[in-house]
file final19.pdb (PDB, C-alpha atoms, pLDDT in the B column)
ATOM      1  CA  CYS N 124      17.263-135.487-112.857  1.00 65.00           C
ATOM      2  CA  LEU N 125      13.568-136.373-113.073  1.00 66.00           C
ATOM      3  CA  LYS N 126      14.200-138.414-116.200  1.00 69.00           C
ATOM      4  CA  GLU N 127      17.035-140.344-114.523  1.00 68.00           C
ATOM      5  CA  HIS N 128      14.740-141.184-111.594  1.00 62.00           C
ATOM      6  CA  LYS N 129      12.007-142.239-114.070  1.00 65.00           C
ATOM      7  CA  MET N 130       9.651-139.732-112.453  1.00 65.00           C
ATOM      8  CA  ASP N 131       8.875-137.414-115.367  1.00 70.00           C
ATOM      9  CA  ASP N 132      10.054-136.285-118.790  1.00 75.00           C
ATOM     10  CA  LEU N 133       9.595-132.525-118.662  1.00 73.00           C
ATOM     11  CA  GLN N 134       9.177-130.630-121.909  1.00 76.00           C
ATOM     12  CA  GLU N 135       9.397-127.264-120.089  1.00 76.00           C
ATOM     13  CA  LEU N 136      10.034-125.977-116.563  1.00 71.00           C
ATOM     14  CA  PRO N 137       6.969-126.140-114.328  1.00 68.00           C
ATOM     15  CA  LYS N 138       5.748-122.968-112.627  1.00 72.00           C
ATOM     16  CA  GLY N 139       6.025-122.434-108.866  1.00 67.00           C
ATOM     17  CA  LYS N 140       7.986-124.553-106.368  1.00 66.00           C
ATOM     18  CA  TRP N 141       8.836-128.065-107.436  1.00 64.00           C
ATOM     19  CA  PHE N 142      11.303-130.742-106.401  1.00 68.00           C
ATOM     20  CA  CYS N 143      12.955-133.573-108.259  1.00 67.00           C
ATOM     21  CA  CYS N 144      12.447-136.104-105.456  1.00 68.00           C
ATOM     22  CA  THR N 145       9.986-136.775-102.665  1.00 74.00           C
ATOM     23  CA  ASP N 146      12.728-136.454-100.002  1.00 78.00           C
ATOM     24  CA  CYS N 147      13.384-132.809-100.920  1.00 79.00           C
ATOM     25  CA  ASP N 148       9.653-132.130-100.942  1.00 80.00           C
ATOM     26  CA  ARG N 149       9.329-133.705 -97.473  1.00 84.00           C
ATOM     27  CA  ILE N 150      12.323-131.757 -96.077  1.00 87.00           C
ATOM     28  CA  HIS N 151      11.020-128.464 -97.504  1.00 85.00           C
ATOM     29  CA  SER N 152       7.566-129.042 -95.996  1.00 85.00           C
ATOM     30  CA  ALA N 153       9.078-129.873 -92.589  1.00 89.00           C
ATOM     31  CA  LEU N 154      11.187-126.686 -92.651  1.00 91.00           C
ATOM     32  CA  GLN N 155       8.157-124.539 -93.562  1.00 91.00           C
ATOM     33  CA  LYS N 156       6.251-126.077 -90.652  1.00 92.00           C
ATOM     34  CA  LEU N 157       9.171-125.387 -88.278  1.00 90.00           C
ATOM     35  CA  ILE N 158       9.279-121.738 -89.373  1.00 92.00           C
ATOM     36  CA  VAL N 159       5.513-121.315 -88.871  1.00 91.00           C
ATOM     37  CA  ASN N 160       5.684-122.966 -85.411  1.00 92.00           C
ATOM     38  CA  GLY N 161       8.158-120.300 -84.286  1.00 93.00           C
ATOM     39  CA  GLU N 162      10.378-120.516 -81.217  1.00 94.00           C
ATOM     40  CA  GLU N 163      10.833-123.733 -79.287  1.00 94.00           C
ATOM     41  CA  LYS N 164      12.171-124.335 -75.790  1.00 92.00           C
ATOM     42  CA  LEU N 165      15.485-126.131 -75.461  1.00 92.00           C
ATOM     43  CA  PRO N 166      15.465-129.673 -74.056  1.00 89.00           C
ATOM     44  CA  ASP N 167      16.631-129.972 -70.429  1.00 89.00           C
ATOM     45  CA  SER N 168      19.863-131.692 -71.463  1.00 90.00           C
ATOM     46  CA  LEU N 169      20.963-128.554 -73.357  1.00 90.00           C
ATOM     47  CA  LEU N 170      19.705-126.174 -70.666  1.00 89.00           C
ATOM     48  CA  ASN N 171      21.864-128.100 -68.185  1.00 88.00           C
ATOM     49  CA  VAL N 172      24.954-127.520 -70.391  1.00 86.00           C
ATOM     50  CA  ILE N 173      24.342-123.764 -70.266  1.00 90.00           C
ATOM     51  CA  LYS N 174      23.552-123.820 -66.533  1.00 88.00           C
ATOM     52  CA  LYS N 175      26.811-125.696 -65.873  1.00 86.00           C
ATOM     53  CA  LYS N 176      28.800-123.123 -67.891  1.00 85.00           C
ATOM     54  CA  HIS N 177      27.216-120.306 -65.878  1.00 84.00           C
ATOM     55  CA  GLU N 178      28.084-122.054 -62.615  1.00 82.00           C
ATOM     56  CA  GLU N 179      31.691-122.605 -63.743  1.00 80.00           C
ATOM     57  CA  LYS N 180      32.003-118.890 -64.510  1.00 75.00           C
ATOM     58  CA  GLY N 181      30.418-117.955 -61.178  1.00 72.00           C
ATOM     59  CA  SER N 182      27.769-115.886 -62.954  1.00 67.00           C
ATOM     60  CA  GLU N 183      24.052-115.791 -62.283  1.00 61.00           C
ATOM     61  CA  SER N 184      22.288-119.128 -62.422  1.00 56.00           C
ATOM     62  CA  GLY N 185      20.988-120.179 -65.817  1.00 54.00           C
ATOM     63  CA  ALA N 186      17.738-121.132 -64.092  1.00 59.00           C
ATOM     64  CA  ASP N 187      16.139-117.710 -64.615  1.00 76.00           C
ATOM     65  CA  LEU N 188      17.104-117.474 -68.293  1.00 86.00           C
ATOM     66  CA  ASP N 189      14.405-118.064 -70.913  1.00 91.00           C
ATOM     67  CA  ILE N 190      16.371-119.813 -73.682  1.00 94.00           C
ATOM     68  CA  ARG N 191      14.728-120.764 -76.973  1.00 96.00           C
ATOM     69  CA  TRP N 192      15.671-121.516 -80.555  1.00 97.00           C
ATOM     70  CA  ARG N 193      13.933-121.154 -83.886  1.00 97.00           C
ATOM     71  CA  VAL N 194      14.476-121.357 -87.647  1.00 96.00           C
ATOM     72  CA  LEU N 195      13.814-118.250 -89.757  1.00 96.00           C
ATOM     73  CA  SER N 196      13.414-117.634 -93.473  1.00 94.00           C
ATOM     74  CA  GLY N 197      13.680-114.242 -95.143  1.00 91.00           C
ATOM     75  CA  LYS N 198      11.033-115.434 -97.600  1.00 87.00           C
ATOM     76  CA  MET N 199       8.503-115.992 -94.796  1.00 88.00           C
ATOM     77  CA  ALA N 200       9.437-112.995 -92.650  1.00 85.00           C
ATOM     78  CA  SER N 201       7.061-110.961 -90.475  1.00 91.00           C
ATOM     79  CA  ASP N 202       7.863-107.639 -88.789  1.00 92.00           C
ATOM     80  CA  GLU N 203       8.971-109.611 -85.703  1.00 92.00           C
ATOM     81  CA  THR N 204      11.227-112.048 -87.564  1.00 94.00           C
ATOM     82  CA  ARG N 205      12.761-109.290 -89.720  1.00 95.00           C
ATOM     83  CA  VAL N 206      14.066-107.735 -86.497  1.00 96.00           C
ATOM     84  CA  LEU N 207      15.522-111.118 -85.468  1.00 96.00           C
ATOM     85  CA  LEU N 208      17.125-111.584 -88.906  1.00 96.00           C
ATOM     86  CA  SER N 209      18.694-108.116 -88.693  1.00 96.00           C
ATOM     87  CA  LYS N 210      20.141-109.065 -85.266  1.00 97.00           C
ATOM     88  CA  ALA N 211      21.661-112.196 -86.863  1.00 97.00           C
ATOM     89  CA  VAL N 212      23.234-110.015 -89.588  1.00 96.00           C
ATOM     90  CA  ALA N 213      24.667-107.732 -86.859  1.00 96.00           C
ATOM     91  CA  ILE N 214      26.247-110.712 -85.045  1.00 96.00           C
ATOM     92  CA  PHE N 215      27.866-111.966 -88.264  1.00 94.00           C
ATOM     93  CA  HIS N 216      29.164-108.462 -89.058  1.00 93.00           C
ATOM     94  CA  ASP N 217      30.600-108.234 -85.556  1.00 92.00           C
ATOM     95  CA  ARG N 218      32.384-111.585 -85.896  1.00 87.00           C
ATOM     96  CA  PHE N 219      33.456-111.459 -89.565  1.00 82.00           C
ATOM     97  CA  ASP N 220      34.729-109.009 -92.129  1.00 76.00           C
ATOM     98  CA  PRO N 221      32.182-108.498 -94.938  1.00 69.00           C
ATOM     99  CA  ILE N 222      32.194-111.508 -97.287  1.00 71.00           C
ATOM    100  CA  ALA N 223      32.632-110.024-100.737  1.00 64.00           C
ATOM    101  CA  ASP N 224      31.019-111.290-103.908  1.00 55.00           C
ATOM    102  CA  SER N 225      33.873-112.697-106.006  1.00 54.00           C
ATOM    103  CA  ASN N 226      32.436-111.103-109.162  1.00 54.00           C
ATOM    104  CA  THR N 227      32.217-107.523-107.883  1.00 52.00           C
ATOM    105  CA  SER N 228      34.579-107.660-104.818  1.00 54.00           C
ATOM    106  CA  ARG N 229      32.347-105.033-103.243  1.00 59.00           C
ATOM    107  CA  LEU N 230      28.954-106.461-102.436  1.00 73.00           C
ATOM    108  CA  ASP N 231      28.621-108.023 -98.949  1.00 83.00           C
ATOM    109  CA  LEU N 232      27.095-111.500 -99.168  1.00 87.00           C
ATOM    110  CA  ILE N 233      26.207-111.863 -95.474  1.00 91.00           C
ATOM    111  CA  PRO N 234      22.735-110.194 -95.642  1.00 91.00           C
ATOM    112  CA  HIS N 235      21.902-112.166 -98.807  1.00 90.00           C
ATOM    113  CA  MET N 236      22.737-115.426 -97.005  1.00 92.00           C
ATOM    114  CA  VAL N 237      20.806-114.516 -93.841  1.00 94.00           C
ATOM    115  CA  TYR N 238      17.694-113.419 -95.767  1.00 92.00           C
ATOM    116  CA  GLY N 239      18.013-116.193 -98.396  1.00 89.00           C
ATOM    117  CA  ARG N 240      18.113-113.749-101.324  1.00 86.00           C
ATOM    118  CA  ASN N 241      19.583-114.830-104.656  1.00 83.00           C
ATOM    119  CA  LEU N 242      22.276-112.648-106.188  1.00 78.00           C
ATOM    120  CA  ARG N 243      23.461-112.527-109.809  1.00 74.00           C
ATOM    121  CA  GLY N 244      23.400-116.240-110.493  1.00 70.00           C
ATOM    122  CA  GLN N 245      24.355-117.202-106.927  1.00 77.00           C
ATOM    123  CA  GLU N 246      21.630-119.272-105.324  1.00 80.00           C
ATOM    124  CA  PHE N 247      20.996-118.403-101.661  1.00 84.00           C
ATOM    125  CA  GLY N 248      17.253-119.073-101.731  1.00 81.00           C
ATOM    126  CA  GLY N 249      17.548-122.395 -99.900  1.00 88.00           C
ATOM    127  CA  MET N 250      19.334-120.846 -96.909  1.00 93.00           C
ATOM    128  CA  TYR N 251      17.676-120.670 -93.513  1.00 95.00           C
ATOM    129  CA  CYS N 252      18.813-118.815 -90.397  1.00 97.00           C
ATOM    130  CA  ALA N 253      18.784-120.654 -87.042  1.00 97.00           C
ATOM    131  CA  ILE N 254      18.932-118.497 -83.920  1.00 98.00           C
ATOM    132  CA  LEU N 255      19.229-119.017 -80.168  1.00 97.00           C
ATOM    133  CA  THR N 256      17.583-116.360 -77.976  1.00 96.00           C
ATOM    134  CA  VAL N 257      18.123-115.626 -74.288  1.00 94.00           C
ATOM    135  CA  ASN N 258      15.318-113.578 -72.732  1.00 93.00           C
ATOM    136  CA  SER N 259      14.232-112.698 -76.317  1.00 93.00           C
ATOM    137  CA  MET N 260      17.714-111.422 -77.311  1.00 95.00           C
ATOM    138  CA  VAL N 261      19.508-113.155 -80.213  1.00 97.00           C
ATOM    139  CA  VAL N 262      22.833-114.448 -78.846  1.00 97.00           C
ATOM    140  CA  SER N 263      23.900-117.113 -81.358  1.00 97.00           C
ATOM    141  CA  THR N 264      23.092-117.842 -84.991  1.00 97.00           C
ATOM    142  CA  GLY N 265      23.938-120.131 -87.904  1.00 97.00           C
ATOM    143  CA  ILE N 266      23.063-120.329 -91.598  1.00 97.00           C
ATOM    144  CA  ILE N 267      21.926-123.761 -92.794  1.00 97.00           C
ATOM    145  CA  ARG N 268      21.098-125.112 -96.231  1.00 95.00           C
ATOM    146  CA  ILE N 269      19.920-128.669 -96.881  1.00 93.00           C
ATOM    147  CA  PHE N 270      20.645-130.327-100.231  1.00 91.00           C
ATOM    148  CA  GLY N 271      18.298-133.284 -99.716  1.00 88.00           C
ATOM    149  CA  GLU N 272      18.978-136.389 -97.646  1.00 90.00           C
ATOM    150  CA  GLU N 273      22.677-136.714 -98.520  1.00 90.00           C
ATOM    151  CA  VAL N 274      24.122-133.504 -97.169  1.00 93.00           C
ATOM    152  CA  ALA N 275      23.504-130.115 -95.525  1.00 95.00           C
ATOM    153  CA  GLU N 276      25.885-127.187 -95.101  1.00 96.00           C
ATOM    154  CA  LEU N 277      26.528-124.733 -92.264  1.00 96.00           C
ATOM    155  CA  PRO N 278      28.457-121.941 -94.019  1.00 94.00           C
ATOM    156  CA  LEU N 279      28.335-119.303 -91.260  1.00 94.00           C
ATOM    157  CA  VAL N 280      27.996-119.417 -87.464  1.00 96.00           C
ATOM    158  CA  GLY N 281      28.457-116.692 -84.896  1.00 95.00           C
ATOM    159  CA  THR N 282      27.838-115.840 -81.250  1.00 96.00           C
ATOM    160  CA  SER N 283      27.491-112.333 -79.847  1.00 95.00           C
ATOM    161  CA  SER N 284      30.886-111.171 -78.511  1.00 92.00           C
ATOM    162  CA  ASP N 285      29.593-110.633 -74.949  1.00 90.00           C
ATOM    163  CA  CYS N 286      28.025-114.124 -74.843  1.00 91.00           C
ATOM    164  CA  GLN N 287      31.053-116.224 -75.796  1.00 89.00           C
ATOM    165  CA  GLY N 288      31.977-119.328 -73.804  1.00 89.00           C
ATOM    166  CA  GLN N 289      28.557-119.764 -72.189  1.00 91.00           C
ATOM    167  CA  GLY N 290      27.466-122.860 -74.124  1.00 92.00           C
ATOM    168  CA  TYR N 291      25.027-120.982 -76.368  1.00 95.00           C
ATOM    169  CA  PHE N 292      26.441-122.021 -79.743  1.00 95.00           C
ATOM    170  CA  GLN N 293      27.043-125.574 -78.509  1.00 94.00           C
ATOM    171  CA  SER N 294      23.312-125.736 -77.694  1.00 96.00           C
ATOM    172  CA  LEU N 295      22.259-124.157 -81.008  1.00 97.00           C
ATOM    173  CA  PHE N 296      24.474-126.615 -82.896  1.00 97.00           C
ATOM    174  CA  SER N 297      22.824-129.538 -81.043  1.00 95.00           C
ATOM    175  CA  CYS N 298      19.389-128.194 -82.055  1.00 96.00           C
ATOM    176  CA  ILE N 299      20.508-127.946 -85.701  1.00 97.00           C
ATOM    177  CA  GLU N 300      22.004-131.444 -85.589  1.00 96.00           C
ATOM    178  CA  ASN N 301      18.839-132.892 -84.021  1.00 95.00           C
ATOM    179  CA  LEU N 302      16.805-131.213 -86.770  1.00 96.00           C
ATOM    180  CA  LEU N 303      18.986-132.799 -89.465  1.00 96.00           C
ATOM    181  CA  VAL N 304      18.629-136.212 -87.792  1.00 96.00           C
ATOM    182  CA  SER N 305      14.828-135.824 -87.768  1.00 95.00           C
ATOM    183  CA  LEU N 306      14.945-135.017 -91.509  1.00 94.00           C
ATOM    184  CA  ASN N 307      17.165-138.086 -92.229  1.00 94.00           C
ATOM    185  CA  VAL N 308      20.040-135.929 -93.510  1.00 95.00           C
ATOM    186  CA  ARG N 309      23.225-137.997 -93.447  1.00 95.00           C
ATOM    187  CA  SER N 310      26.114-135.520 -93.511  1.00 95.00           C
ATOM    188  CA  LEU N 311      26.922-131.922 -92.500  1.00 97.00           C
ATOM    189  CA  VAL N 312      29.609-129.841 -94.248  1.00 96.00           C
ATOM    190  CA  LEU N 313      31.162-126.512 -93.234  1.00 95.00           C
ATOM    191  CA  PRO N 314      34.082-124.206 -94.110  1.00 93.00           C
ATOM    192  CA  ALA N 315      36.361-123.772 -91.057  1.00 93.00           C
ATOM    193  CA  ALA N 316      38.814-120.919 -90.555  1.00 90.00           C
ATOM    194  CA  ASP N 317      42.295-122.033 -89.459  1.00 90.00           C
ATOM    195  CA  GLU N 318      41.846-120.793 -85.890  1.00 91.00           C
ATOM    196  CA  ALA N 319      38.518-122.649 -85.507  1.00 92.00           C
ATOM    197  CA  GLU N 320      39.438-125.928 -87.238  1.00 95.00           C
ATOM    198  CA  SER N 321      40.659-127.714 -84.089  1.00 95.00           C
ATOM    199  CA  ILE N 322      37.480-126.731 -82.182  1.00 95.00           C
ATOM    200  CA  TRP N 323      35.247-128.139 -84.937  1.00 96.00           C
ATOM    201  CA  LYS N 324      37.304-131.339 -84.993  1.00 96.00           C
ATOM    202  CA  ASN N 325      37.827-131.923 -81.265  1.00 96.00           C
ATOM    203  CA  LYS N 326      34.600-130.551 -79.812  1.00 94.00           C
ATOM    204  CA  PHE N 327      32.053-131.207 -82.559  1.00 96.00           C
ATOM    205  CA  GLY N 328      33.465-134.327 -84.246  1.00 96.00           C
ATOM    206  CA  PHE N 329      34.203-132.986 -87.742  1.00 97.00           C
ATOM    207  CA  VAL N 330      36.961-134.329 -90.013  1.00 96.00           C
ATOM    208  CA  LYS N 331      38.630-132.849 -93.076  1.00 96.00           C
ATOM    209  CA  ILE N 332      37.024-133.631 -96.440  1.00 94.00           C
ATOM    210  CA  THR N 333      39.360-135.372 -98.890  1.00 93.00           C
ATOM    211  CA  ASP N 334      40.037-133.626-102.205  1.00 90.00           C
ATOM    212  CA  ASP N 335      38.053-136.290-104.090  1.00 93.00           C
ATOM    213  CA  GLU N 336      35.047-135.951-101.770  1.00 91.00           C
ATOM    214  CA  LEU N 337      35.164-132.157-102.052  1.00 89.00           C
ATOM    215  CA  LYS N 338      35.254-132.353-105.866  1.00 90.00           C
ATOM    216  CA  ARG N 339      32.187-134.594-105.808  1.00 89.00           C
ATOM    217  CA  TYR N 340      30.322-132.337-103.368  1.00 88.00           C
ATOM    218  CA  ARG N 341      31.086-129.240-105.446  1.00 86.00           C
ATOM    219  CA  LYS N 342      30.112-130.997-108.661  1.00 87.00           C
ATOM    220  CA  ASP N 343      26.741-132.082-107.260  1.00 87.00           C
ATOM    221  CA  TYR N 344      25.921-129.124-104.980  1.00 87.00           C
ATOM    222  CA  GLN N 345      26.474-125.376-105.068  1.00 84.00           C
ATOM    223  CA  MET N 346      28.205-125.148-101.683  1.00 86.00           C
ATOM    224  CA  MET N 347      29.748-122.099-100.069  1.00 87.00           C
ATOM    225  CA  VAL N 348      33.555-122.318-100.047  1.00 83.00           C
ATOM    226  CA  PHE N 349      35.435-119.359 -98.578  1.00 85.00           C
ATOM    227  CA  GLN N 350      39.043-118.476 -99.291  1.00 82.00           C
ATOM    228  CA  GLY N 351      41.407-119.378 -96.456  1.00 84.00           C
ATOM    229  CA  THR N 352      39.139-122.049 -94.950  1.00 89.00           C
ATOM    230  CA  SER N 353      39.275-125.850 -94.803  1.00 92.00           C
ATOM    231  CA  MET N 354      36.204-127.881 -95.691  1.00 94.00           C
ATOM    232  CA  LEU N 355      35.127-130.252 -92.915  1.00 96.00           C
ATOM    233  CA  HIS N 356      32.267-132.707 -92.593  1.00 96.00           C
ATOM    234  CA  LYS N 357      30.704-135.153 -90.137  1.00 97.00           C
ATOM    235  CA  SER N 358      28.081-137.874 -90.218  1.00 95.00           C
ATOM    236  CA  VAL N 359      24.827-136.816 -88.614  1.00 92.00           C
ATOM    237  CA  GLY N 360      22.920-139.014 -86.218  1.00 72.00           C
TER     238      GLY N 360
END

call {"tool": "encode", "arguments": {"input": "final19.pdb", "output": "structure tokens"}}
result
Amino acid sequence: CLKEHKMDDLQELPKGKWFCCTDCDRIHSALQKLIVNGEEKLPDSLLNVIKKKHEEKGSESGADLDIRWRVLSGKMASDETRVLLSKAVAIFHDRFDPIADSNTSRLDLIPHMVYGRNLRGQEFGGMYCAILTVNSMVVSTGIIRIFGEEVAELPLVGTSSDCQGQGYFQSLFSCIENLLVSLNVRSLVLPAADEAESIWKNKFGFVKITDDELKRYRKDYQMMVFQGTSMLHKSVG
């Protein structure tokens, strides 16, 4: 890769973290900074979406809710963020059956994805966990992985069962999308279960990936593809 880009002709693998292009280096640095900065308040436009949902349901006003979002990494975890990561794992386990490793059929991949831990040749180290909190409680979460400027993936998303339909994931998705725009990422890919495919298409603007495009993506990137799902993508920005 480095040779093709006329950047270097490596005789052996360098030690430590290294990237084969400046874009990946820039994206990685921006993500590290975001993790260190911690939680951020939602913009008013997204808070208004949640407030409107609360009003439609006749529940308490969203005005007194402290809603924030943040990006977490298992590799940069503190005692506080480990608790948040474990809450994200609990939400995914509540919403999904365990996702088994195809080699062993026993090992659950969800914690490995949330914490960004590699497993027997499967690379999860580039995965980050985005969360939305309401009054410090994790209510919605998504796993993101960015493969440079061309594409990012969102292999798992979930919202706590007692917080469905309140605009929380819609807001978290907007935060993730805005992040990708700021990093100049062009496309977002995800595996959609049959029952969720129409929501992703109609509400979030995704379309089905053609077989040729999927072959190219899978050739160039180690993406998560789950049995019984359709691969969708959308342009970002």

call {"tool": "axis_aligned_box", "arguments": {"input": "final19.pdb", "around": "segment 345-348 of chain N", "padding_each_side": "6 Å", "output": "lines of an AutoDock Vina configuration file"}}
result
center_x = 30.0
center_y = -123.7
center_z = -102.6
size_x = 19.1
size_y = 15.3
size_z = 17.0

call {"tool": "atom_distance", "arguments": {"input": "final19.pdb", "atom1": "atom CA of Glu246 of chain N", "atom2": "atom CA of Gly360 of chain N"}}
result
27.5 Å

call {"tool": "closest_residue", "arguments": {"input": "final19.pdb", "among": "N:Glu300, N:Asp220, N:Glu273, N:Asp202", "to": "Phe327 of chain N", "atoms": "all atoms listed in the file"}}
result
N:Glu300

call {"tool": "residues_around", "arguments": {"input": "final19.pdb", "residues": "Ser310 of chain N", "least_positions_apart": "4", "cutoff": "6 Å", "atoms": "all atoms listed in the file", "output": "ChimeraX atom specification"}}
result
/N:274,357-359

call {"tool": "residues_around", "arguments": {"input": "final19.pdb", "residues": "segment 259-269 of chain N", "least_positions_apart": "4", "cutoff": "9 Å", "atoms": "all atoms listed in the file", "output": "PyMOL selection string"}}
result
chain N and resi 147+150-151+189-191+207+210-211+214-215+236-237+247+249-255+273-287+291-292+295-296+299+303+308+311+346

call {"tool": "closest_residue", "arguments": {"input": "final19.pdb", "among": "N:Lys331, N:Lys174, N:Lys164, N:His235", "to": "Cys298 of chain N", "atoms": "all atoms listed in the file"}}
result
N:Lys164

call {"tool": "atom_distance", "arguments": {"input": "final19.pdb", "atom1": "atom CA of Ser305 of chain N", "atom2": "atom CA of Glu320 of chain N"}}
result
26.5 Å

call {"tool": "closest_residue", "arguments": {"input": "final19.pdb", "among": "N:Val330, N:Met354, N:Ala319, N:Leu306", "to": "Asp148 of chain N", "atoms": "only C-alpha atoms"}}
result
N:Leu306

call {"tool": "closest_residue", "arguments": {"input": "final19.pdb", "among": "N:Glu178, N:Asp146, N:Glu318, N:Asp132", "to": "Phe270 of chain N", "atoms": "all atoms listed in the file"}}
result
N:Asp146

call {"tool": "closest_residue", "arguments": {"input": "final19.pdb", "among": "N:Arg205, N:Arg193, N:Lys342, N:Arg149", "to": "Glu162 of chain N", "atoms": "all atoms listed in the file"}}
result
N:Arg193

call {"tool": "resolve_selection", "arguments": {"input": "final19.pdb", "expression": "the PyMOL selection byres ((chain N and resi 159) around 12)", "output": "number ranges by chain"}}
result
N: 152-158, 160-163, 193-196, 198-201, 204

call {"tool": "closest_residue", "arguments": {"input": "final19.pdb", "among": "N:Asp167, N:Glu272, N:Pro234, N:Lys180", "to": "Asn307 of chain N", "atoms": "all atoms listed in the file"}}
result
N:Glu272

call {"tool": "residues_near_point", "arguments": {"input": "final19.pdb", "point": "(32.4, -131.2, -103.9)", "cutoff": "12 Å", "atoms": "all atoms listed in the file", "output": "list in words"}}
result
Val274, Glu276, Val312, Leu313, Ile332, Thr333, Asp334, Asp335, Glu336, Leu337, Lys338, Arg339, Tyr340, Arg341, Lys342, Asp343, Tyr344, Gln345, Met346, Met347, Val348, Met354, Leu355 and His356 of chain N

call {"tool": "atom_distance", "arguments": {"input": "final19.pdb", "atom1": "atom CA of Trp192 of chain N", "atom2": "atom CA of Gly288 of chain N"}}
result
17.8 Å

call {"tool": "resolve_selection", "arguments": {"input": "final19.pdb", "expression": "the PyMOL selection byres ((chain N and resi 351) around 8)", "output": "NGL selection string"}}
result
:N and (316-317 or 349-350 or 352-353)
